[in-house]
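Read the structure below first, then the notes.
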Amino acid sequence: MDHLAPTVVAQLEAALHPSFASLLLRASTDTVFRPLASAPAGAAPSPLPGEWKVLALARLLARPLVCGIDRDEGVTSQLPLQEREYLSDTRVEVLVLVAASGNRDELVIALGPRRSEEPYSGEDLDLLAGVADALTLALQRPTPAVEPGPWLEECPACGRCYDTGARVCPHDASTLAGSPTERLLAGRYHLDQRLGHGGMGRVYRALDVALNRTVAVKLLREEWTRLPHAADRFRREARVAASFAHANVVTVFDFGLTDGGCAFLVMELLEGGTLREDLRQNGRLRPQRTLEILRSVCAAVGAAHRRQLVHRDLKPENIFLARSDSGEVVKILDFGLARSVSSATDDDGSSAVLAGTPPYMAPEQLRAGETLPVWDLWALGVLSYELLTGTLPFAAAVRPAAPVSPSPGSTASTRWPDPMEDGLRDDLETARPFFARALAIDAAVRYSSAETFFAALQEAVQAIEASPAALA
């Protein structure tokens, strides 16, 4: 890793133009992340204690964490004072934790504010996630003591998979990166190409050699299975997911654990793209288009809730617009990690693992505790707002994890920021009552089910289309 670090930070500095880009390493024998390389040289932040809450948050969310204190991010604003002072003094804007299966060393990518003073975009964060995945592969090497082989090697550029020993991708001449994952999972699923990555893991196109069909295989990040009783919990939840069939939920065919303890799900392979990709390409959606997509999403969420299943991470990245012979089909992804509302704790009595993406998480979800269907209903409210406006509610998603202090002279005990305080376009003003209820601080005020939520959304869309601004 020592020889790769200078190249990594130099390329990050050239691509994203941060005031500094640093790579910090915590060796398995150490408790502190120490600077490994930085661009420009000498600009690395001071050592970072490995037990800090900000790193635990980055580890659990498994994605680039925007933590600039000046921007008062909703989750990081709740950090201990010492950690907030560190982030302010060092001017660390983004942290990305890299933890590799089978390797106790960990890396942290730390970026300062961009030199242009513009915030990091979604595309920038996607690039960082890709770099983190590449570093994960660089940390991972096969364990000689176990040889179920052949091991997987993959091209970091195009994602094509090869057996151990290929070394170079013939398609783009990139040096292959090794992985301690068998290329033939469970003696049945032959990995062919990495299709993408996200907070929960990497997705591959694979061949089911038993049935001679192409499938999608999701390899989950090690964080999801290395906790106490995690393997049993994964099997239990994956079994429930495989038994949950719905036209608007991706079908789970199989699941398992590799010899190295890596969990995987086998699913139907979809052609198309995510709702996030659609939003990036086309911007906000027309009201009727929003209604068409959320009709399918609400139908699936309602069916899941009737089976006591909660998704916990509804967002555009987890909604797939699949192409089929009959037209577009909306599919919800990652119901494989849903949790039954009848079990809020793990087998050992510990709290459930935090899962979710902060801008889409209900205030009670951010505080953890018992898993509730209202978490998904809140996310539906955020989704509908984003699809109709092209932005997130609560002033670009900057909101506290709990009600903030009352204004001077106010008689209220708590005050929750207006989800629409930045204002709506004239043609969407008629939807203000709908959003005020869907995103109310009091969960009892919100819509009680996916069915009642969608009925209210239909009425809101009808009011939008009948408004003078829309008719003008």
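Identifiers for the structure tokens are assigned positionally: chains receive A, B, ... in sequence, residues are indexed from 1 per chain, and ligands are indexed from 1 in the order shown.
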I want to know what sits within 8 Å of Asp163 of chain A, based on only C-alpha atoms, with residues of the same chain fewer than 3 positions away left out; could you give that as a PDB file with C-alpha atoms, in the first residue's frame?
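Saved as around.pdb:
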```pdb
ATOM      1  CA  PRO A 150      -9.812 -20.298  -8.128  1.00  0.00           C
ATOM      2  CA  TRP A 151      -9.766 -16.869  -6.513  1.00  0.00           C
ATOM      3  CA  LEU A 152     -11.314 -13.846  -8.158  1.00  0.00           C
ATOM      4  CA  GLU A 153      -9.292 -11.167  -9.883  1.00  0.00           C
ATOM      5  CA  ALA A 166      -4.497 -13.452 -15.389  1.00  0.00           C
ATOM      6  CA  ARG A 183     -14.900 -16.749  -8.436  1.00  0.00           C
TER       7      ARG A 183
END
```
Alpha helix (DSSP H) per DSSP on the backbone: members of segment 141-291 of chain A, as a ChimeraX atom specification: /A:230-243,275-282,287-291
Contact residues around Gly390 of chain A with only C-alpha atoms at 10 Å, ignoring same-chain residues under 6 positions, as a PyMOL selection string: chain A and resi 279-280+282-285+383-384
Nearby residues (only C-alpha atoms) at most 7 Å from segment 119-132 of chain A, same-chain spacing under 6 positions excluded, as JSON, numbers by chain: {"A": [63, 64, 98]}
Within 10 Å of Cys155 of chain A using only C-alpha atoms, minus same-chain residues under 6 positions, as a PyMOL selection string: chain A and resi 134+161-162+167-178+193-194
DSSP-assigned strand (DSSP E) among segment 56-296 of chain A, expressed as a PyMOL selection string: chain A and resi 65-66+94-99+106-111+151-154+161-163+177-182+184-185+189-197+201-208+213-220+252-257+263-268+272-274
Distance query segment 236-251 of chain A at most 10 Å, only C-alpha atoms, self and fewer than 6 positions along chain excluded, as an NGL selection string: :A and (230 or 263-270 or 295-301 or 303-304 or 307 or 309 or 319-322 or 329-340)
A:Ala99, A:Ile293, A:Leu377, A:Leu55 ranked by distance to Glu328 of chain A, top pick (using only C-alpha atoms): A:Ile293
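Every protein, DNA or RNA residue with an atom at most 10 Å from Arg213 of chain A, where only C-alpha atoms count and chain neighbours fewer than 4 positions away do not, is listed here: Tyr189, Ala206, Leu207, Asp208, Val209, Glu268 and Leu269 of chain A.
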Could the residues in this selection be written to a file with N, CA and C atoms, as a tab-separated table (two decimals), in the first residue's frame?
```tsv
chain	number	residue	atom	x	y	z
A	189	TYR	N	-22.27	-20.26	-8.78
A	189	TYR	CA	-22.44	-18.93	-9.38
A	189	TYR	C	-21.08	-18.39	-9.82
A	206	ALA	N	-23.39	-12.73	-13.18
A	206	ALA	CA	-22.85	-14.07	-12.97
A	206	ALA	C	-23.68	-15.09	-13.73
A	207	LEU	N	-23.10	-16.25	-13.93
A	207	LEU	CA	-23.80	-17.37	-14.57
A	207	LEU	C	-24.13	-18.41	-13.52
A	208	ASP	N	-25.41	-18.73	-13.42
A	208	ASP	CA	-25.84	-19.85	-12.58
A	208	ASP	C	-25.61	-21.12	-13.41
A	209	VAL	N	-24.51	-21.81	-13.12
A	209	VAL	CA	-24.12	-22.94	-13.97
A	209	VAL	C	-25.07	-24.12	-13.81
A	268	GLU	N	-32.50	-11.76	-9.52
A	268	GLU	CA	-32.75	-11.62	-10.95
A	268	GLU	C	-31.90	-10.48	-11.49
A	269	LEU	N	-31.42	-10.64	-12.72
A	269	LEU	CA	-30.62	-9.61	-13.36
A	269	LEU	C	-31.54	-8.66	-14.11
```
Distance of atom CA of Leu185 of chain A from atom CA of Arg202 of chain A, expressed in Å to one decimal place: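 The value is 14.2 Å.
Rounded to one decimal, atom CA of Glu317 of chain A and atom CA of Arg437 of chain A lie 24.5 Å from each other.
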